[in-house]
Structure formats: C-alpha cells, structure tokens
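Shown next: target-v1.txt, given as compact mmCIF, C-alpha atoms.
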# COMPACT_ATOMS: atom_id res chain seq x y z
CA MET A 6 78.50 102.22 160.84
CA THR A 7 75.63 104.65 161.23
CA ASN A 8 77.71 107.36 159.61
CA VAL A 9 78.34 105.16 156.57
CA LEU A 10 74.67 104.31 156.12
CA THR A 11 73.40 107.87 156.48
CA GLN A 12 76.15 109.65 154.54
CA PRO A 13 74.61 110.93 151.29
CA ARG A 14 76.04 109.57 148.06
CA PRO A 15 77.93 112.13 145.95
CA ILE A 16 76.03 113.52 142.97
CA ARG A 17 77.37 112.28 139.67
CA LEU A 18 77.75 115.08 137.13
CA LYS A 19 77.95 113.99 133.51
CA GLY A 20 79.70 116.04 130.87
CA ARG A 21 78.17 115.60 127.45
CA SER A 22 78.55 117.36 124.11
CA PHE A 23 75.72 117.67 121.58
CA LEU A 24 75.81 118.78 117.98
CA ALA A 25 74.04 122.08 117.38
CA MET A 26 73.83 124.27 114.32
CA ALA A 27 75.42 127.71 114.64
CA LEU A 28 73.73 130.63 112.89
CA SER A 29 75.74 133.82 112.37
CA PRO A 30 73.32 136.67 111.55
CA GLU A 31 74.48 139.63 109.47
CA PHE A 32 73.31 143.23 109.18
CA PRO A 33 70.79 144.19 107.97
CA PHE A 34 68.84 141.46 109.76
CA GLU A 35 65.82 141.76 107.46
CA ASP A 36 67.92 140.82 104.42
CA TRP A 37 69.58 137.99 106.34
CA LEU A 38 66.17 136.63 107.39
CA VAL A 39 65.04 136.70 103.76
CA ARG A 40 68.02 134.49 102.84
CA LEU A 41 67.23 132.22 105.77
CA ASP A 42 63.62 131.90 104.60
CA ASP A 43 64.89 131.04 101.13
CA LEU A 44 67.05 128.24 102.52
CA ALA A 45 64.18 126.87 104.62
CA SER A 46 61.79 126.94 101.65
CA ARG A 47 64.21 125.04 99.42
CA SER A 48 65.03 122.40 102.02
CA THR A 49 61.81 121.45 103.82
CA GLY A 50 62.23 120.72 107.51
CA PHE A 51 65.84 121.93 107.60
CA PHE A 52 65.42 123.57 111.03
CA MET A 53 62.80 121.20 112.47
CA ARG A 54 63.83 119.55 115.78
CA ARG A 55 67.34 120.96 115.37
CA PRO A 56 69.01 122.86 118.25
CA VAL A 57 70.56 126.14 117.13
CA VAL A 58 73.19 128.41 118.69
CA LEU A 59 73.03 132.06 117.68
CA ASP A 60 76.55 133.44 117.16
CA VAL A 61 76.58 137.25 117.45
CA SER A 62 80.35 137.61 117.76
CA GLY A 63 81.56 140.90 116.33
CA LEU A 64 78.06 142.37 115.95
CA ASP A 65 77.36 145.80 117.45
CA ILE A 66 73.87 144.87 118.60
CA GLU A 67 71.56 146.21 121.31
CA ARG A 68 69.54 144.05 123.69
CA ALA A 69 66.22 145.04 122.08
CA GLU A 70 67.55 144.12 118.61
CA LEU A 71 68.75 140.74 119.86
CA ARG A 72 65.41 140.05 121.56
CA GLU A 73 63.53 140.95 118.37
CA LEU A 74 65.80 138.72 116.26
CA ILE A 75 65.24 135.75 118.58
CA ASP A 76 61.48 136.31 118.40
CA LYS A 77 61.56 136.40 114.61
CA LEU A 78 63.59 133.19 114.51
CA SER A 79 61.17 131.55 116.93
CA ALA A 80 58.28 132.50 114.63
CA ARG A 81 60.14 130.55 111.92
CA ASN A 82 60.41 127.47 114.19
CA VAL A 83 64.13 128.06 114.69
CA ARG A 84 64.78 127.20 118.34
CA ILE A 85 67.70 129.08 119.90
CA MET A 86 69.27 126.97 122.66
CA GLY A 87 72.07 129.43 123.44
CA ILE A 88 73.87 132.61 122.40
CA GLU A 89 77.56 132.80 121.65
CA GLY A 90 79.74 135.91 121.58
CA ALA A 91 77.25 138.19 123.36
CA ARG A 92 78.21 140.76 125.98
CA PRO A 93 76.88 139.86 129.46
CA SER A 94 74.75 143.03 129.42
CA LEU A 95 72.79 141.64 126.44
CA LEU A 96 71.62 138.55 128.26
CA GLY A 97 69.07 138.02 131.00
CA ALA A 98 66.55 135.61 132.45
CA ASP A 99 64.28 136.06 129.43
CA MET A 100 67.06 135.18 126.95
CA PRO A 101 68.78 131.91 126.00
CA PRO A 102 71.96 131.32 128.03
CA ALA A 103 75.47 132.28 127.00
CA MET A 104 77.42 129.49 125.33
CA ALA A 105 80.97 128.90 124.09
CA ASP A 106 82.54 126.32 121.77
CA GLY A 107 81.64 122.84 123.00
CA ARG A 108 84.23 120.11 123.36
CA PRO A 109 83.81 116.37 124.08
CA THR A 110 84.08 115.67 127.79
CA SER A 111 84.15 112.62 130.01
CA ASP A 112 81.95 111.90 133.03
CA ILE A 113 82.60 114.20 135.97
CA GLU A 114 82.49 112.80 139.50
CA ALA A 115 81.87 115.25 142.32
CA PRO A 116 84.84 114.78 144.71
CA SER A 117 84.34 113.23 148.13
CA ASP A 118 85.50 114.95 151.33
CA ASP A 119 88.57 112.68 151.48
CA GLU A 120 89.54 113.61 147.92
CA VAL A 121 89.18 117.32 148.71
CA ARG A 122 91.47 116.96 151.76
CA GLU A 123 94.03 115.01 149.72
CA SER A 124 94.00 117.63 146.96
CA LYS A 125 94.88 120.34 149.52
CA ALA A 126 97.78 118.36 150.99
CA PRO A 127 101.27 119.33 149.73
CA LYS A 128 102.65 116.92 147.16
CA LYS A 129 106.16 116.11 146.06
CA ALA A 130 107.02 117.23 142.57
CA ALA A 131 107.54 114.30 140.23
CA ALA A 132 110.18 114.38 137.54
CA ALA A 133 108.59 115.05 134.17
CA VAL A 134 109.28 112.30 131.67
CA PRO A 135 108.53 113.28 128.08
CA VAL A 136 106.29 110.76 126.37
CA PRO A 137 106.10 110.88 122.58
CA PRO A 138 102.49 111.13 121.36
CA ALA A 139 101.10 107.94 119.86
CA PRO A 140 99.98 108.17 116.24
CA LYS A 141 96.27 108.90 116.11
CA ALA A 142 94.14 107.16 113.53
CA THR A 143 91.47 109.20 111.79
CA PRO A 144 88.10 107.92 113.03
CA SER A 145 85.42 106.98 110.53
CA MET A 146 81.91 105.50 110.44
CA LEU A 147 80.72 102.86 108.00
CA VAL A 148 76.96 102.62 107.32
CA THR A 149 76.13 99.42 105.46
CA GLN A 150 72.38 100.01 105.11
CA PRO A 151 70.53 102.61 103.00
CA VAL A 152 69.63 105.72 105.00
CA ARG A 153 65.84 106.05 104.98
CA SER A 154 63.75 109.22 104.95
CA GLY A 155 63.66 110.87 108.38
CA GLN A 156 66.92 109.28 109.55
CA SER A 157 69.94 111.35 110.64
CA ILE A 158 73.46 109.93 110.70
CA ILE A 159 75.66 112.21 112.83
CA PHE A 160 79.39 111.57 113.27
CA THR A 161 81.40 114.70 114.07
CA GLU A 162 84.68 112.88 114.79
CA GLY A 163 85.57 112.03 111.17
CA ASP A 164 84.41 110.62 107.84
CA VAL A 165 81.13 108.85 107.09
CA THR A 166 80.85 106.20 104.37
CA VAL A 167 77.42 104.97 103.27
CA VAL A 168 77.27 101.74 101.27
CA GLY A 169 73.89 102.50 99.73
CA SER A 170 71.64 105.45 99.01
CA VAL A 171 70.51 108.38 101.16
CA ALA A 172 66.77 108.93 100.71
CA SER A 173 64.99 112.26 100.37
CA GLY A 174 64.35 113.63 103.87
CA ALA A 175 67.39 111.87 105.34
CA GLU A 176 70.65 113.55 106.29
CA ILE A 177 74.32 112.75 106.86
CA ILE A 178 76.33 115.07 109.14
CA ALA A 179 80.09 114.48 109.38
CA GLY A 180 83.04 116.26 110.89
CA GLY A 181 85.14 114.98 107.97
CA SER A 182 84.28 113.89 104.44
CA ILE A 183 81.19 112.00 103.26
CA HIS A 184 81.34 109.07 100.83
CA ILE A 185 78.05 107.73 99.43
CA TYR A 186 78.15 104.65 97.21
CA GLY A 187 74.65 105.18 95.91
CA ALA A 188 72.21 108.00 95.21
CA LEU A 189 72.31 111.10 97.41
CA ARG A 190 68.71 112.36 97.51
CA GLY A 191 68.70 113.86 101.00
CA ARG A 192 71.09 116.27 102.75
CA ALA A 193 74.84 115.83 103.21
CA MET A 194 76.79 118.20 105.49
CA ALA A 195 80.57 117.60 105.71
CA GLY A 196 83.28 119.42 107.67
CA THR A 197 80.79 120.49 110.32
CA MET A 198 83.48 121.02 112.98
CA GLY A 199 85.38 123.58 110.89
CA ASN A 200 87.09 121.24 108.42
CA ALA A 201 87.18 123.21 105.17
CA ALA A 202 89.24 120.45 103.50
CA ALA A 203 86.36 117.94 103.78
CA ARG A 204 84.70 116.68 100.59
CA ILE A 205 81.47 115.00 99.56
CA PHE A 206 81.54 112.08 97.13
CA CYS A 207 78.45 110.35 95.74
CA SER A 208 77.67 107.93 92.93
CA LYS A 209 74.48 109.74 91.93
CA LEU A 210 73.79 113.38 92.78
CA GLU A 211 70.12 114.14 93.47
CA ALA A 212 70.66 116.04 96.72
CA GLU A 213 68.23 118.37 98.48
CA LEU A 214 71.18 120.16 100.09
CA VAL A 215 74.96 119.77 100.34
CA ALA A 216 77.21 121.71 102.72
CA ILE A 217 80.90 121.88 103.62
CA ASP A 218 82.16 123.87 106.60
CA GLY A 219 78.92 125.87 106.72
CA TYR A 220 78.81 126.76 103.00
CA TYR A 221 75.84 125.16 101.29
CA LYS A 222 74.10 124.60 98.00
CA THR A 223 70.49 123.52 97.56
CA ALA A 224 69.13 121.47 94.67
CA GLU A 225 68.28 124.63 92.72
CA ASP A 226 71.86 125.91 93.05
CA LEU A 227 73.51 122.79 91.60
CA GLU A 228 74.36 122.64 87.91
CA PRO A 229 71.63 120.72 86.04
CA GLY A 230 74.22 118.83 84.00
CA LEU A 231 75.61 117.19 87.14
CA ARG A 232 72.28 115.88 88.36
CA GLY A 233 72.24 112.08 88.37
CA LYS A 234 76.02 111.94 87.87
CA ALA A 235 78.86 110.64 90.05
CA VAL A 236 80.41 113.78 91.54
CA GLN A 237 82.65 115.20 94.23
CA LEU A 238 82.17 118.53 95.99
CA TRP A 239 84.78 120.66 97.76
CA LEU A 240 85.66 124.21 98.81
CA GLU A 241 88.22 126.57 97.33
CA GLY A 242 88.32 129.45 99.79
CA ASP A 243 84.66 130.33 100.23
CA THR A 244 83.69 129.08 96.77
CA PHE A 245 81.75 125.83 96.39
CA LYS A 246 83.15 123.54 93.68
CA VAL A 247 81.40 120.57 92.05
CA GLY A 248 83.12 118.18 89.65
CA SER A 249 82.23 114.97 87.87
CA LEU A 250 83.96 111.73 88.94
CA ALA A 251 83.39 110.11 85.53

Please lay out the structure from this file as structure tokens.
Amino acid sequence: MTNVLTQPRPIRLKGRSFLAMALSPEFPFEDWLVRLDDLASRSTGFFMRRPVVLDVSGLDIERAELRELIDKLSARNVRIMGIEGARPSLLGADMPPAMADGRPTSDIEAPSDDEVRESKAPKKAAAAVPVPPAPKATPSMLVTQPVRSGQSIIFTEGDVTVVGSVASGAEIIAGGSIHIYGALRGRAMAGTMGNAAARIFCSKLEAELVAIDGYYKTAEDLEPGLRGKAVQLWLEGDTFKVGSLA
C-alpha cells in the first residue's frame, strides 16, 4: 500500500502541432529582404504575432551569415521559432532550434514500468489480415458569422467557407480552398499545407492579400478591373490566375 501511495505518477507528454509560416530566403539576402519589406509594407501587421520557421534547405550558407540574417529578421519583428534544413554545425545555443515538417500527433503517455517489461517480452506473431481503407471524407469548416478585424480563422485540414464578409485586418488560413459569400477585405491564404490545387472564391474582391500554396498577391498586384467583383483565384504552375465569376 505504501508503495502505491508514494510511487510517482508518470509524466504525461502531449504531442501538439501548430501552424507556422515558413520563409525560404534566397541569395542575395539583401534583395530578398527588400522584397520582404515590400510585402510587410503592403500588408500591415502581416508578421505580427506570427511564428515563423526559417527554411534554409539547399542554401550554401555560413553560420555568421545565418546569424546575421536572423538578426535582420528580428529587427523587422519577424520572430524565428526554428530553422529547417540547416546543417548541425550551423546551429548552437544562441540560435533557434532545428525543426522538420510538423505532423498532427495524438497525446503521448510515458510508459509505466509494467508496460516497458511487457514490451520487452517475446510476442507471438499474429496473422496479418488486410483491411481495406475506409473512404475518407474531405474535412471542411463552416463559419456562419462575419469575420471581424483582428480575427484569424485557421483550418489546415481542408476547406473554409465563410457565410459573410471578411473585414480588413482579418485573415482566413486554410489547407484547402476558401469560399467567401461576401466581401473579402482582409487576407485569405489557401493551400497552406502544400495544396497547389486549392482556390479562393469570393463574392466581392477587396482583399489586402491573397495567397495559394505560398504564392501571394497584395491589393496593389490585383487587376483594378476585378476589384469589387465576384472572382476566383488559382495557380497554374507558379503563376497566379484571377478570373471573374460573373
């Protein structure tokens, strides 16, 4: 009985995945930072309170260059929460940690002593029975209220449909397509998990920024003749396409 009362409870480890923006810098960094500044100036608050992963995969970069780039991003209020694709020699205690592609995970329970002993015991092989995969429905989110300024709707599993308008300063982030049955005045980012086939539909285009699979257009980049119109937006290769729905 005493052993039961004094035995420490196992620590519960929780796996959790968060949405972060990935930035892929290009040489020369000074030119890339100029383009980044241009994006930030045309979409106020785009990087505010947003975690960012710096992807340096394929870049022949030295530690001092990486440190300087992180400092310059920090001066622009771009917070780097991790670095992806960096050689171990580039990282250290003074740098953000190494990161890889995140995936949704379930809660993780630290195993008890009994479970560890059972896992080491030999087990009989069970006959494998093939089970056909069940058809998987495409997940979606329905938002029945207008999205107000300062709000963020984030749904990386599939499509987002908004029955109403998206105000200036608000944003919709979806892993699939975005459907807005009202005016789009804020930011809409579709295909954020690498879905280049995603599209954006809206009844009235007045967007601050639209993006699909990392390719974006700000308000100044959109054709003036489409402003205020019902439109759809999609990608053809790496080219952004905008067409009228009328």

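The shortest atom-to-atom distance to Ile75 of chain A, with only C-alpha atoms taken into account, belongs to A:Pro101 out of A:Pro93, A:Gly163, A:Val152, A:Pro101.
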
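Look at Arg190 of chain A: the protein and nucleic acid residues within 10 Å of it, using only C-alpha atoms and passing over chain neighbours fewer than 2 places away, are Ser154, Ser170, Val171, Ala172, Ser173, Gly174, Ala175, Glu176, Gly187, Ala188, Arg192, Ala193, Lys209, Leu210, Glu211, Ala212, Glu213, Leu214, Ala224 and Gly233 of chain A.
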
**Request:** To one decimal in Å, tell me the separation between atom CA of Arg72 of chain A and atom CA of Arg84 of chain A.
**Result:** 13.3 Å

**Request:** Work out how far atom CA of Leu250 of chain A is from atom CA of Met198 of chain A, in Å to one decimal.
**Result:** 25.8 Å

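In this model, the gap between atom CA of Ile159 of chain A and atom CA of Ala80 of chain A comes to 26.8 Å.
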
Residues within 10 Å of Lys246 of chain A, all atoms listed in the file, excluding chain neighbours under 6 positions, as a tab-separated table (two decimals) with C-alpha atoms, keeping the file's coordinate frame:
chain	number	residue	atom	x	y	z
A	204	ARG	CA	84.70	116.68	100.59
A	227	LEU	CA	73.51	122.79	91.60
A	237	GLN	CA	82.65	115.20	94.23
A	238	LEU	CA	82.17	118.53	95.99
A	239	TRP	CA	84.78	120.66	97.76
A	240	LEU	CA	85.66	124.21	98.81

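Remark: for Lys222 of chain A, the closest of the candidate residues A:Leu44, A:Ile178, A:Val83, A:Ile88 is A:Leu44 (distances computed over only C-alpha atoms).
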
**Request:** Do a neighbour search on Leu74 of chain A at 10 Å with all atoms listed in the file, toss out local chain neighbours closer than 5 positions, and write the hits as a PyMOL selection string.
**Result:** chain A and resi 30+34-35+38+59+68-69+79-80

Just to be explicit: take each residue in the selection above, keep C-alpha atoms, and write the result as a PDB file, in the frame of the given file.
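Writing the result to out_23.pdb gives the following:
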ATOM      1  CA  PRO A  30      73.320 136.670 111.550  1.00  0.00           C
ATOM      2  CA  PHE A  34      68.840 141.460 109.760  1.00  0.00           C
ATOM      3  CA  GLU A  35      65.820 141.760 107.460  1.00  0.00           C
ATOM      4  CA  LEU A  38      66.170 136.630 107.390  1.00  0.00           C
ATOM      5  CA  LEU A  59      73.030 132.060 117.680  1.00  0.00           C
ATOM      6  CA  ARG A  68      69.540 144.050 123.690  1.00  0.00           C
ATOM      7  CA  ALA A  69      66.220 145.040 122.080  1.00  0.00           C
ATOM      8  CA  SER A  79      61.170 131.550 116.930  1.00  0.00           C
ATOM      9  CA  ALA A  80      58.280 132.500 114.630  1.00  0.00           C
TER      10      ALA A  80
END

**Sel. within 12 Å of pt (76.1, 120.9, 115.1), counting all atoms listed in the file, output as a PyMOL selection string** = chain A and resi 22-28+52+55-59+86+106-108+159-162+177-180+194-199+218-219

**Asked** Which is closest to Tyr186 of chain A among A:Ile217, A:Ser208, A:Asp76, A:Pro151, if we use all atoms listed in the file?
**Response** A:Ser208
